[in-house]
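The block underneath contains the structure these notes are about, expressed in structure tokens.
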Amino acid sequence: MALFGQTFITGILIGGIYAVIAVGMTLIMGVMKIINLAHGALMMVGMYVCLALFRSLGWHPYMGMIPAMIILLGIGWLVQKYSIERVFGVETILPESQVLLTLALGLGITEVIRLIFTSDYQCTYTPFSAKCFYTAGMSISAPYLVGFILAMAFVAGLHIFLTRTDLGRSVVATAQDRDAATYMGVDAGRITNFTFALGTALAAAGGAMLLPIFYTYPDVWHPYLAKCFIITILGGMGSTVGALSGGLLLGVAETFGATYWSPGYRDVVGLIIFLLVLLLLPGGLKKVIGR
Amino acid sequence: MAEIKTMAKKSWFLPAILGIVFVAIPPFLGGYIQHLLILMMMWITMATAWNLLGGYCGQVSFGHTVFFGLGAYGGGLLLLHWGISPWWGMIAGPLLAAIIGIPIGLITFRLRGPYFALSMLALGETFRIVFTNWVSVLGGASGVVSSRTFGINKLPYYYIALTIAASSVYVVYRLMHSKYGYYFVSIREDQDAAEALGIPTTKYKMYALIPSAVFTGLAGAVWMNYIAYIDPEVVFSLTGISIMMILAVMVGGAGTLWGPILGGVIFVLLNEGIRATVGPISYLIFMVIACLLIMFLPDGIIGDWAKIKRVFRREKPVYVGGE
Amino acid sequence: MAYLDINHVVRKFGGLVAVDDITVGLEQGEIFGLIGPNGSGKTTLFNAINHYYPANSGEIIFKGIPITRKSTHEICRLGIGRTFQVVKPLRRMTVLENVMAGAFLRINDASKARDKALEVLDFCELMHRRDVPAKDLPIADKKRMEIARSLAGDPELILLDETAAGLNLVEIEAAMAIVKKIRDSGITCFVVEHVMKFIMGISDRMMCINFGREIARGTPREIASHPEVIKAYLGEEYAKGK
């Protein structure tokens, strides 16, 4: 029974962190209507920025998160403006060349990191990393808990940003109807640049939350990219609440899969959910919840 | 001289010359070049196969490595469980690819565009994880080890690969000049319009998928026999196979017959050249090339030939009427 | 039983009822016109017949065969062709190839399909454009090509969705002539249109709908002077003859 509770809670905690990463992707997808396969790699870069700060300045990832976000804000903006935007809307014989570009970018960025940092698994181990809270026979890992709290802060902050500020509302408007937004005075091009940068920064934040829990290596992002998609599609594009619910759901499902089935197949659980969701839920959980 | 010029203009001339070159010359070449030629034939097959589904029919699959891996494991599993010679894999592999391809298609073809691409990507990764982890039935991460039937002699493998490559091109050629071809392109151009013209789109997407899976599987089966070892991380690789197949097609020109052929050749040469010169950063260079290709030459050498000519002659583009 | 029977068809999108219990029957060999203000549900009705957005309830019967639940391509095979409001050319194929794609419905051989396509192009007076890539055509030719593409499949009934939209006066006259030619060759035409000159000029019978419901039915002359029709288009004041 305690195992059940622990699995469930751990699932929620990690799911919250997944949600932060995924919400970045869902924003980008909502505004650009393209699938950004570089999202995972950019998250990984965020993790490595935190790692570098940890190694050189002794900054814990939770502190390194801020500079990581700023750096990724810049990188994301550059990537979008000078590469992805170039192929946006260009007609090619092969469909999906935009998606392919993001994938190539992601893989290329991974190689750059591999060159600088090698393929070794690296982590930011501190006494805090192993700390656990014990309650009702369950052990809850501290980095999971703190990561979750930070994640919720970000999600809440983002939600307020999107609904209460002008810039945020412009983003939502551009996602819902680009042309209509333009007619209303929104510079869709600049909003797109901004949203991509913002989404990337959020991914970096999520990565920073993951780093104390796990470790990092250049290819670490592969399963997380898949998770982002599952969550984006589960939650519906461009929806903060959807990303949150999708994230929590996925986190719980995965953790149960890892605990009761097999840890090696943890990511297969996600992939199976991914395929099921793609096939059965074109509108996402939002459609089911009815928001 | 004049006779040769008139001959050169006939449509069979280029294939005939190529045929002579590729059939008669290899026995006189060194082992390393023969190895490259085998790889070229394999990649021509894979590019042509992917192009049928992706370039002509417009269903862009990011997970074709599934069929390559199944093609390799067809023979591999026969060897692993029953000690049967992996040459039977030349039949079992593509057969397995086709049999598994059918339910894959039926499920994934309900999705359009990027969602189809992603679902194939997810499938590719799923197969990779399953084949790497399931030790009892599939051999797990250690793969399957076989032995080289012809020892160090590469020629037989070359001629087999050549035959497969030539057949794949021929099959695609015949398909594209028939009703199938028109229907494939109609589906690519506008699936809804195609339905309104009475085209059962799912059925015809399957008609594109099956040959695509079979030929990719054949390439996998040849690989299995040639390398005499299957590593599930290699044969089900997203980065090493799925993406590279797409790149090979893109560099040559998607949606053309010669594009994948050109692409396969260029890809192998590029691969060797990059690895020989820059070693550790070769994959990075590949990705940079891929990005540049997509940004500046998305229709490949053949598709963007007019653009290439313009750049070299420094001409300005001419805009035709219409949208 | 009519040639095409539409019985109490309803189509909703969430809370919006786009087609609200429409019943109408088409006779073989006629040109039947459907008009109505923007958003009245005309194209939605076509989409229901064609199974793009299938009807939520009601029945559609063609030549005695219920087609309400059949898939789009099956319906085409049964003899219903369709053109689209926003034209859908197969962009990178030439005009001839576009029409051949339609011809392959009844023909399997490529060269025979080509012959059929050339025949249809001749009928539609598009021969001079046959090797032009579809994306390079002006709008009137794109629409004409779409009609030709549909005709190549030998339909018995053709759904023409806003054929005259975006055409100038000369092109409208030409389009009217083509539609009449199609009807004279034995094909029933169900026409949705906004351009009054076009639809009044060719229809045998007409129907006007608004908010998904039928508001008038009759000959073109009857429709043109029907108070409900005038009210729907121009407002109450004009209907009362102010």
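In the structure tokens, the first chain shown is A, the next is B, and so on; residue numbers restart at 1 for each chain, and ligands run from 1 in the order shown.
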Within 7 Å of chain B: residues of chain A, using only C-alpha atoms, as a PyMOL selection string: chain A and resi 86-87+92-97+101+104-105+107-108+111-112+268+271+275
Just write the chosen residues, N, CA and C atoms, as a PDB file, in the first residue's frame.
```
ATOM      1  N   ARG A  86      13.231  30.520 -41.764  1.00  0.00           N
ATOM      2  CA  ARG A  86      13.561  30.484 -43.190  1.00  0.00           C
ATOM      3  C   ARG A  86      12.715  29.485 -43.945  1.00  0.00           C
ATOM      4  N   VAL A  87      12.347  28.391 -43.287  1.00  0.00           N
ATOM      5  CA  VAL A  87      11.605  27.367 -44.015  1.00  0.00           C
ATOM      6  C   VAL A  87      10.124  27.392 -43.671  1.00  0.00           C
ATOM      7  N   THR A  92       7.672  22.754 -50.364  1.00  0.00           N
ATOM      8  CA  THR A  92       8.662  21.826 -50.902  1.00  0.00           C
ATOM      9  C   THR A  92       7.942  20.564 -51.339  1.00  0.00           C
ATOM     10  N   ILE A  93       8.599  19.789 -52.193  1.00  0.00           N
ATOM     11  CA  ILE A  93       7.990  18.554 -52.666  1.00  0.00           C
ATOM     12  C   ILE A  93       7.765  17.618 -51.490  1.00  0.00           C
ATOM     13  N   LEU A  94       8.807  17.543 -50.647  1.00  0.00           N
ATOM     14  CA  LEU A  94       8.693  16.685 -49.487  1.00  0.00           C
ATOM     15  C   LEU A  94       7.985  17.464 -48.387  1.00  0.00           C
ATOM     16  N   PRO A  95       6.857  16.991 -47.950  1.00  0.00           N
ATOM     17  CA  PRO A  95       6.209  17.695 -46.850  1.00  0.00           C
ATOM     18  C   PRO A  95       7.055  17.546 -45.582  1.00  0.00           C
ATOM     19  N   GLU A  96       6.737  18.230 -44.565  1.00  0.00           N
ATOM     20  CA  GLU A  96       7.395  18.103 -43.263  1.00  0.00           C
ATOM     21  C   GLU A  96       8.872  18.472 -43.270  1.00  0.00           C
ATOM     22  N   SER A  97       9.317  19.303 -44.207  1.00  0.00           N
ATOM     23  CA  SER A  97      10.739  19.628 -44.163  1.00  0.00           C
ATOM     24  C   SER A  97      11.053  20.510 -42.956  1.00  0.00           C
ATOM     25  N   LEU A 101      13.939  19.817 -40.249  1.00  0.00           N
ATOM     26  CA  LEU A 101      14.963  20.813 -39.909  1.00  0.00           C
ATOM     27  C   LEU A 101      15.143  20.882 -38.405  1.00  0.00           C
ATOM     28  N   ALA A 104      17.135  17.933 -37.319  1.00  0.00           N
ATOM     29  CA  ALA A 104      18.551  18.053 -37.660  1.00  0.00           C
ATOM     30  C   ALA A 104      19.239  19.059 -36.737  1.00  0.00           C
ATOM     31  N   LEU A 105      18.548  20.159 -36.433  1.00  0.00           N
ATOM     32  CA  LEU A 105      19.109  21.144 -35.518  1.00  0.00           C
ATOM     33  C   LEU A 105      19.355  20.517 -34.148  1.00  0.00           C
ATOM     34  N   LEU A 107      19.752  17.387 -33.356  1.00  0.00           N
ATOM     35  CA  LEU A 107      20.839  16.411 -33.390  1.00  0.00           C
ATOM     36  C   LEU A 107      22.188  17.102 -33.513  1.00  0.00           C
ATOM     37  N   GLY A 108      22.218  18.182 -34.293  1.00  0.00           N
ATOM     38  CA  GLY A 108      23.472  18.920 -34.454  1.00  0.00           C
ATOM     39  C   GLY A 108      23.918  19.546 -33.145  1.00  0.00           C
ATOM     40  N   GLU A 111      25.485  17.093 -30.935  1.00  0.00           N
ATOM     41  CA  GLU A 111      26.873  16.788 -31.273  1.00  0.00           C
ATOM     42  C   GLU A 111      27.820  17.847 -30.750  1.00  0.00           C
ATOM     43  N   VAL A 112      27.393  19.116 -30.824  1.00  0.00           N
ATOM     44  CA  VAL A 112      28.255  20.196 -30.310  1.00  0.00           C
ATOM     45  C   VAL A 112      28.507  19.978 -28.827  1.00  0.00           C
ATOM     46  N   VAL A 268       8.976   2.839 -22.745  1.00  0.00           N
ATOM     47  CA  VAL A 268       8.042   2.198 -23.657  1.00  0.00           C
ATOM     48  C   VAL A 268       6.612   2.517 -23.245  1.00  0.00           C
ATOM     49  N   LEU A 271       5.911   5.647 -24.878  1.00  0.00           N
ATOM     50  CA  LEU A 271       5.736   5.523 -26.324  1.00  0.00           C
ATOM     51  C   LEU A 271       4.391   4.896 -26.657  1.00  0.00           C
ATOM     52  N   LEU A 275       1.394   6.568 -28.903  1.00  0.00           N
ATOM     53  CA  LEU A 275       0.705   6.037 -30.064  1.00  0.00           C
ATOM     54  C   LEU A 275      -0.798   5.972 -29.822  1.00  0.00           C
TER      55      LEU A 275
END
```
Based on only C-alpha atoms, which of the residues in chain C come within 12 Å of chain A? I want them as a count of residues only. 5
Could you write out as JSON, numbers by chain the residues of chain B within 6 Å of chain C, counting only C-alpha atoms? {"B": [178, 182, 189, 195, 196, 197, 198, 199, 200, 321, 322]}
Output N, CA and C atoms for every residue in the selection just made, as a CSV table (one decimal), in the first residue's frame.
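Just written: out.csv:
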```
chain,number,residue,atom,x,y,z
B,178,SER,N,2.1,4.0,-63.7
B,178,SER,CA,0.8,3.3,-63.8
B,178,SER,C,-0.2,4.1,-63.0
B,182,TYR,N,-0.1,7.7,-60.3
B,182,TYR,CA,-1.0,8.9,-60.3
B,182,TYR,C,-1.7,9.0,-59.0
B,189,GLU,N,-0.6,15.4,-53.1
B,189,GLU,CA,-0.9,16.8,-53.4
B,189,GLU,C,-2.1,17.2,-52.6
B,195,GLU,N,-9.7,11.7,-52.3
B,195,GLU,CA,-10.9,11.0,-51.9
B,195,GLU,C,-12.1,11.3,-52.7
B,196,ALA,N,-12.3,12.6,-53.0
B,196,ALA,CA,-13.4,13.0,-53.8
B,196,ALA,C,-13.4,12.5,-55.2
B,197,LEU,N,-12.2,12.1,-55.7
B,197,LEU,CA,-12.1,11.5,-57.0
B,197,LEU,C,-12.2,10.0,-57.0
B,198,GLY,N,-12.6,9.5,-55.8
B,198,GLY,CA,-12.9,8.1,-55.7
B,198,GLY,C,-11.6,7.2,-55.4
B,199,ILE,N,-10.6,7.9,-54.9
B,199,ILE,CA,-9.4,7.1,-54.5
B,199,ILE,C,-9.5,6.7,-53.1
B,200,PRO,N,-9.4,5.3,-52.9
B,200,PRO,CA,-9.4,4.9,-51.5
B,200,PRO,C,-8.1,5.1,-50.9
B,321,GLY,N,3.0,33.0,-63.7
B,321,GLY,CA,1.7,33.4,-63.2
B,321,GLY,C,1.1,32.4,-62.3
B,322,GLY,N,0.0,32.7,-61.6
B,322,GLY,CA,-0.7,31.8,-60.7
B,322,GLY,C,-0.2,32.0,-59.3
```
Can you check which parts of region 33-117 of chain B lie within 7 Å of region 213-231 of chain B? Per residue, the shortest pair of atoms and distance in Å to one decimal, counting only C-alpha atoms, sorted by chain and number, as a Markdown table.
```
| residue | atom | partner | partner_atom | distance |
| --- | --- | --- | --- | --- |
| B:Met42 | CA | B:Ala219 | CA | 5.5 |
| B:Thr45 | CA | B:Phe215 | CA | 6.6 |
| B:Met46 | CA | B:Thr216 | CA | 5.2 |
| B:Ala49 | CA | B:Phe215 | CA | 5.9 |
| B:Phe67 | CA | B:Gly217 | CA | 5.1 |
| B:Phe68 | CA | B:Gly220 | CA | 4.6 |
| B:Gly69 | CA | B:Gly220 | CA | 6.2 |
| B:Leu70 | CA | B:Gly217 | CA | 6.3 |
| B:Gly71 | CA | B:Gly217 | CA | 3.7 |
| B:Ala72 | CA | B:Ala221 | CA | 4.4 |
| B:Gly75 | CA | B:Ala221 | CA | 6.8 |
| B:Pro86 | CA | B:Asn225 | CA | 6.5 |
| B:Trp87 | CA | B:Asn225 | CA | 6.8 |
| B:Gly89 | CA | B:Ala221 | CA | 5.9 |
| B:Met90 | CA | B:Ala221 | CA | 5.3 |
| B:Gly93 | CA | B:Gly217 | CA | 5.7 |
| B:Pro94 | CA | B:Gly217 | CA | 4.4 |
| B:Leu95 | CA | B:Val214 | CA | 6.8 |
| B:Ala97 | CA | B:Ala213 | CA | 5.7 |
| B:Ala98 | CA | B:Val214 | CA | 5.7 |
| B:Gly101 | CA | B:Ala213 | CA | 6.6 |
```
Selection file, N, CA and C atoms, as a CSV table (one decimal), in the first residue's frame:
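The resulting out_28.csv:
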```csv
chain,number,residue,atom,x,y,z
B,42,MET,N,23.1,-0.5,-51.3
B,42,MET,CA,22.1,-0.6,-50.2
B,42,MET,C,21.4,0.7,-50.0
B,45,THR,N,18.9,1.4,-52.6
B,45,THR,CA,17.6,0.7,-52.4
B,45,THR,C,16.8,1.4,-51.3
B,46,MET,N,17.5,1.7,-50.2
B,46,MET,CA,16.7,2.3,-49.1
B,46,MET,C,16.1,3.6,-49.5
B,49,ALA,N,13.2,3.1,-51.8
B,49,ALA,CA,12.1,2.6,-51.1
B,49,ALA,C,11.4,3.7,-50.3
B,67,PHE,N,11.6,-1.3,-40.7
B,67,PHE,CA,11.7,-2.3,-41.8
B,67,PHE,C,13.1,-2.8,-42.1
B,68,PHE,N,14.0,-1.9,-41.9
B,68,PHE,CA,15.4,-2.3,-42.1
B,68,PHE,C,15.8,-3.3,-41.0
B,69,GLY,N,15.4,-3.0,-39.8
B,69,GLY,CA,15.7,-3.9,-38.7
B,69,GLY,C,15.0,-5.3,-38.8
B,70,LEU,N,13.7,-5.2,-39.2
B,70,LEU,CA,13.0,-6.4,-39.4
B,70,LEU,C,13.6,-7.2,-40.5
B,71,GLY,N,14.0,-6.6,-41.6
B,71,GLY,CA,14.7,-7.3,-42.7
B,71,GLY,C,15.9,-8.0,-42.2
B,72,ALA,N,16.7,-7.3,-41.3
B,72,ALA,CA,17.9,-8.0,-40.8
B,72,ALA,C,17.6,-9.1,-39.9
B,75,GLY,N,16.3,-13.0,-41.0
B,75,GLY,CA,17.4,-14.0,-41.1
B,75,GLY,C,18.0,-14.2,-39.8
B,86,PRO,N,21.3,-17.7,-42.7
B,86,PRO,CA,20.7,-16.4,-42.8
B,86,PRO,C,20.4,-16.0,-44.2
B,87,TRP,N,20.8,-16.8,-45.2
B,87,TRP,CA,20.5,-16.5,-46.6
B,87,TRP,C,18.9,-16.6,-46.8
B,89,GLY,N,17.1,-15.5,-44.9
B,89,GLY,CA,16.6,-14.2,-44.4
B,89,GLY,C,16.3,-13.3,-45.6
B,90,MET,N,16.9,-13.5,-46.7
B,90,MET,CA,16.6,-12.7,-47.9
B,90,MET,C,15.1,-12.8,-48.2
B,93,GLY,N,13.2,-11.9,-44.2
B,93,GLY,CA,13.4,-10.5,-43.7
B,93,GLY,C,12.3,-9.6,-44.4
B,94,PRO,N,12.3,-9.4,-45.7
B,94,PRO,CA,11.3,-8.6,-46.3
B,94,PRO,C,9.9,-9.1,-46.1
B,95,LEU,N,9.7,-10.4,-45.9
B,95,LEU,CA,8.4,-10.9,-45.6
B,95,LEU,C,8.0,-10.4,-44.3
B,97,ALA,N,9.0,-7.8,-42.8
B,97,ALA,CA,8.8,-6.3,-42.9
B,97,ALA,C,7.4,-6.1,-43.5
B,98,ALA,N,7.0,-6.8,-44.5
B,98,ALA,CA,5.7,-6.6,-45.1
B,98,ALA,C,4.6,-7.0,-44.1
B,101,GLY,N,4.4,-4.5,-41.6
B,101,GLY,CA,4.1,-3.2,-42.2
B,101,GLY,C,2.6,-3.0,-42.3
```
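Restricting the calculation to only C-alpha atoms, the smallest distance between Ser167 (chain B) and any of B:Pro211, B:Gly181, B:Gly63, B:Gly264 is found for B:Pro211.
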Taking only C-alpha atoms into account, name the residue in C:Val229, C:Ile60, C:Leu167, C:Leu4 that is nearest to Phe32 (chain C).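 With only C-alpha atoms as the atom set, the closest residue is C:Leu4.
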Have a look at C:Thr68, C:Thr219, C:Thr44, C:Asn168 and name the one nearest to Met207 (chain C); count only C-alpha atoms.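 Using only C-alpha atoms, Met207 (chain C) sits closest to C:Thr219.
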Rounded to one decimal, what separation in Å do you get between CA of Tyr157 (chain B) and CA of Tyr73 (chain B)? 17.9 Å
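With CA of Ala41 (chain A) on one side and CA of Val251 (chain B) on the other, the separation reads 24.2 Å.
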Assign secondary structure with DSSP using the backbone only, and return the residues of region 13-232 of chain C in strand (DSSP E or B) as a ChimeraX atom specification. /C:13,16-26,31-35,57-62,65-66,80-82,94,133,157-161,188-192,205-210,213-218
Based on the selection just made, write C-alpha atoms of those residues as a PDB file, in the first residue's frame.
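File produced: part_23.pdb:
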```pdb
ATOM      1  CA  PHE C  13     -20.740  21.428 -35.124  1.00  0.00           C
ATOM      2  CA  LEU C  16     -24.023  25.193 -33.878  1.00  0.00           C
ATOM      3  CA  VAL C  17     -26.600  23.520 -36.111  1.00  0.00           C
ATOM      4  CA  ALA C  18     -25.285  24.170 -39.587  1.00  0.00           C
ATOM      5  CA  VAL C  19     -27.833  22.070 -41.454  1.00  0.00           C
ATOM      6  CA  ASP C  20     -31.166  21.919 -39.662  1.00  0.00           C
ATOM      7  CA  ASP C  21     -33.508  19.261 -41.046  1.00  0.00           C
ATOM      8  CA  ILE C  22     -33.247  19.745 -44.795  1.00  0.00           C
ATOM      9  CA  THR C  23     -35.353  17.605 -47.073  1.00  0.00           C
ATOM     10  CA  VAL C  24     -35.171  17.837 -50.836  1.00  0.00           C
ATOM     11  CA  GLY C  25     -35.207  15.512 -53.826  1.00  0.00           C
ATOM     12  CA  LEU C  26     -33.394  15.984 -57.088  1.00  0.00           C
ATOM     13  CA  ILE C  31     -29.906  21.472 -62.762  1.00  0.00           C
ATOM     14  CA  PHE C  32     -30.907  22.184 -59.179  1.00  0.00           C
ATOM     15  CA  GLY C  33     -29.707  25.402 -57.636  1.00  0.00           C
ATOM     16  CA  LEU C  34     -29.117  26.018 -53.913  1.00  0.00           C
ATOM     17  CA  ILE C  35     -28.684  29.543 -52.645  1.00  0.00           C
ATOM     18  CA  SER C  57     -28.946  12.322 -38.520  1.00  0.00           C
ATOM     19  CA  GLY C  58     -31.151  11.917 -41.532  1.00  0.00           C
ATOM     20  CA  GLU C  59     -30.701   9.915 -44.702  1.00  0.00           C
ATOM     21  CA  ILE C  60     -29.235  10.494 -48.116  1.00  0.00           C
ATOM     22  CA  ILE C  61     -30.247   8.108 -50.848  1.00  0.00           C
ATOM     23  CA  PHE C  62     -28.833   8.101 -54.357  1.00  0.00           C
ATOM     24  CA  ILE C  65     -28.883   3.282 -52.502  1.00  0.00           C
ATOM     25  CA  PRO C  66     -28.418   4.768 -49.035  1.00  0.00           C
ATOM     26  CA  ILE C  80     -21.352  11.458 -57.438  1.00  0.00           C
ATOM     27  CA  GLY C  81     -18.643  13.910 -58.407  1.00  0.00           C
ATOM     28  CA  ARG C  82     -17.739  17.070 -56.580  1.00  0.00           C
ATOM     29  CA  THR C  94      -0.207  19.183 -64.959  1.00  0.00           C
ATOM     30  CA  PRO C 133       1.221  22.688 -63.910  1.00  0.00           C
ATOM     31  CA  LEU C 157     -24.523  13.542 -60.474  1.00  0.00           C
ATOM     32  CA  ILE C 158     -22.095  16.361 -59.904  1.00  0.00           C
ATOM     33  CA  LEU C 159     -21.992  18.705 -56.909  1.00  0.00           C
ATOM     34  CA  LEU C 160     -20.759  22.114 -58.037  1.00  0.00           C
ATOM     35  CA  ASP C 161     -19.720  24.272 -55.105  1.00  0.00           C
ATOM     36  CA  THR C 188     -27.548  15.839 -63.073  1.00  0.00           C
ATOM     37  CA  CYS C 189     -26.121  19.003 -61.522  1.00  0.00           C
ATOM     38  CA  PHE C 190     -26.577  20.176 -57.946  1.00  0.00           C
ATOM     39  CA  VAL C 191     -25.257  23.721 -57.866  1.00  0.00           C
ATOM     40  CA  VAL C 192     -24.442  25.881 -54.858  1.00  0.00           C
ATOM     41  CA  ARG C 205     -35.455  24.413 -59.974  1.00  0.00           C
ATOM     42  CA  MET C 206     -34.033  26.156 -56.945  1.00  0.00           C
ATOM     43  CA  MET C 207     -34.075  26.203 -53.186  1.00  0.00           C
ATOM     44  CA  CYS C 208     -33.055  28.900 -50.758  1.00  0.00           C
ATOM     45  CA  ILE C 209     -31.869  28.125 -47.242  1.00  0.00           C
ATOM     46  CA  ASN C 210     -30.935  30.269 -44.278  1.00  0.00           C
ATOM     47  CA  ARG C 213     -33.300  25.642 -42.850  1.00  0.00           C
ATOM     48  CA  GLU C 214     -35.230  25.758 -46.099  1.00  0.00           C
ATOM     49  CA  ILE C 215     -37.013  29.054 -46.621  1.00  0.00           C
ATOM     50  CA  ALA C 216     -38.182  28.860 -50.220  1.00  0.00           C
ATOM     51  CA  ARG C 217     -38.401  26.494 -53.144  1.00  0.00           C
ATOM     52  CA  GLY C 218     -39.434  26.870 -56.761  1.00  0.00           C
TER      53      GLY C 218
END
```
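Going from CA of Leu198 (chain A) to CA of Ile160 (chain A) covers 14.5 Å.
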Contacts of region 180-194 of chain A at 9 Å or less, counting only C-alpha atoms, minus same-chain residues fewer than 4 places along, as a PyMOL selection string? chain A and resi 28+31-32+73+76-78+80-81+85+167+170-171+173-176+198-199
So that I have them on file, write out the residues from the current selection with C-alpha atoms, as a PDB file, in the first residue's frame.
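Now in result_14.pdb:
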```pdb
ATOM      1  CA  ILE A  28       5.719  26.844 -29.630  1.00  0.00           C
ATOM      2  CA  VAL A  31       2.086  29.635 -32.288  1.00  0.00           C
ATOM      3  CA  MET A  32       4.155  28.137 -35.066  1.00  0.00           C
ATOM      4  CA  LEU A  73      16.195  32.366 -24.343  1.00  0.00           C
ATOM      5  CA  GLY A  76      16.144  29.735 -28.946  1.00  0.00           C
ATOM      6  CA  TRP A  77      15.576  33.164 -30.408  1.00  0.00           C
ATOM      7  CA  LEU A  78      18.579  32.819 -32.718  1.00  0.00           C
ATOM      8  CA  GLN A  80      14.143  30.323 -34.651  1.00  0.00           C
ATOM      9  CA  LYS A  81      14.933  33.584 -36.361  1.00  0.00           C
ATOM     10  CA  GLU A  85      11.813  30.857 -39.847  1.00  0.00           C
ATOM     11  CA  LEU A 167       2.294  40.260 -24.289  1.00  0.00           C
ATOM     12  CA  SER A 170      -0.763  38.434 -27.861  1.00  0.00           C
ATOM     13  CA  VAL A 171       0.919  35.061 -27.759  1.00  0.00           C
ATOM     14  CA  ALA A 173      -4.004  35.348 -29.936  1.00  0.00           C
ATOM     15  CA  THR A 174      -1.281  34.495 -32.431  1.00  0.00           C
ATOM     16  CA  ALA A 175      -1.685  30.834 -31.547  1.00  0.00           C
ATOM     17  CA  GLN A 176      -5.423  30.875 -32.025  1.00  0.00           C
ATOM     18  CA  LEU A 198      10.238  31.602 -24.117  1.00  0.00           C
ATOM     19  CA  GLY A 199       9.382  27.964 -24.741  1.00  0.00           C
TER      20      GLY A 199
END
```
Can you tell me, as a compact mmCIF listing (two decimals) with C-alpha atoms, in the first residue's frame, which residues in region 180-285 of chain A count as alpha helix (DSSP H) by DSSP?
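In the end it all went to selection.txt:
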```txt
# COMPACT_ATOMS: atom_id res chain seq x y z
CA ALA A 180 -6.77 37.74 -36.99
CA ALA A 181 -4.08 38.65 -34.48
CA THR A 182 -2.14 40.51 -37.17
CA TYR A 183 -5.24 42.50 -38.10
CA ALA A 188 2.98 37.87 -35.42
CA GLY A 189 6.58 37.51 -36.55
CA ARG A 190 8.06 39.01 -33.41
CA ILE A 191 5.61 37.17 -31.19
CA THR A 192 6.69 33.95 -32.85
CA ASN A 193 10.35 34.73 -32.20
CA PHE A 194 9.53 35.56 -28.61
CA THR A 195 7.40 32.49 -28.01
CA PHE A 196 10.04 30.17 -29.35
CA ALA A 197 12.60 31.78 -27.08
CA LEU A 198 10.24 31.60 -24.12
CA GLY A 199 9.38 27.96 -24.74
CA THR A 200 13.04 27.12 -24.98
CA ALA A 201 13.79 28.93 -21.73
CA LEU A 202 11.04 26.95 -20.00
CA ALA A 203 12.58 23.75 -21.29
CA ALA A 204 15.91 24.86 -19.81
CA ALA A 205 14.19 25.48 -16.48
CA GLY A 206 12.70 22.00 -16.56
CA GLY A 207 16.10 20.57 -17.35
CA ALA A 208 17.56 22.40 -14.39
CA MET A 209 14.93 20.78 -12.20
CA LEU A 210 15.77 17.37 -13.57
CA TRP A 221 16.76 14.27 -24.18
CA HIS A 222 15.46 11.50 -26.43
CA PRO A 223 12.85 10.12 -24.05
CA TYR A 224 11.95 13.61 -22.83
CA LEU A 225 11.14 14.78 -26.33
CA ALA A 226 8.72 11.92 -26.66
CA LYS A 227 7.22 12.81 -23.29
CA CYS A 228 6.72 16.39 -24.42
CA PHE A 229 4.76 15.21 -27.41
CA ILE A 230 2.60 12.91 -25.47
CA ILE A 231 1.81 15.72 -23.08
CA THR A 232 1.23 18.25 -25.84
CA ILE A 233 -1.17 15.97 -27.60
CA LEU A 234 -2.82 14.75 -24.41
CA GLY A 235 -3.28 18.29 -23.24
CA THR A 240 -1.12 25.49 -19.95
CA VAL A 241 -3.74 23.57 -18.03
CA GLY A 242 -3.63 20.82 -20.62
CA ALA A 243 0.14 20.55 -20.36
CA LEU A 244 -0.15 20.29 -16.60
CA SER A 245 -2.81 17.60 -16.63
CA GLY A 246 -1.01 15.72 -19.37
CA GLY A 247 2.27 15.95 -17.52
CA LEU A 248 0.84 14.66 -14.27
CA LEU A 249 -0.97 11.86 -16.02
CA LEU A 250 2.13 10.77 -17.88
CA GLY A 251 4.30 11.00 -14.79
CA VAL A 252 1.99 8.76 -12.83
CA ALA A 253 1.53 6.24 -15.66
CA GLU A 254 5.26 6.02 -16.25
CA THR A 255 6.14 5.61 -12.60
CA PHE A 256 3.59 2.86 -12.18
CA ARG A 266 9.67 2.92 -18.48
CA ASP A 267 10.01 4.79 -21.73
CA VAL A 268 8.04 2.20 -23.66
CA VAL A 269 5.07 3.02 -21.47
CA GLY A 270 5.37 6.56 -22.70
CA LEU A 271 5.74 5.52 -26.32
CA ILE A 272 2.71 3.28 -26.12
CA ILE A 273 0.65 6.05 -24.57
CA PHE A 274 1.96 8.31 -27.33
CA LEU A 275 0.70 6.04 -30.06
CA LEU A 276 -2.61 5.44 -28.34
CA VAL A 277 -3.13 9.14 -27.82
CA LEU A 278 -2.25 10.01 -31.41
CA LEU A 279 -4.78 7.52 -32.61
CA LEU A 280 -7.62 8.04 -30.21
CA LEU A 285 -7.52 15.67 -22.82
```
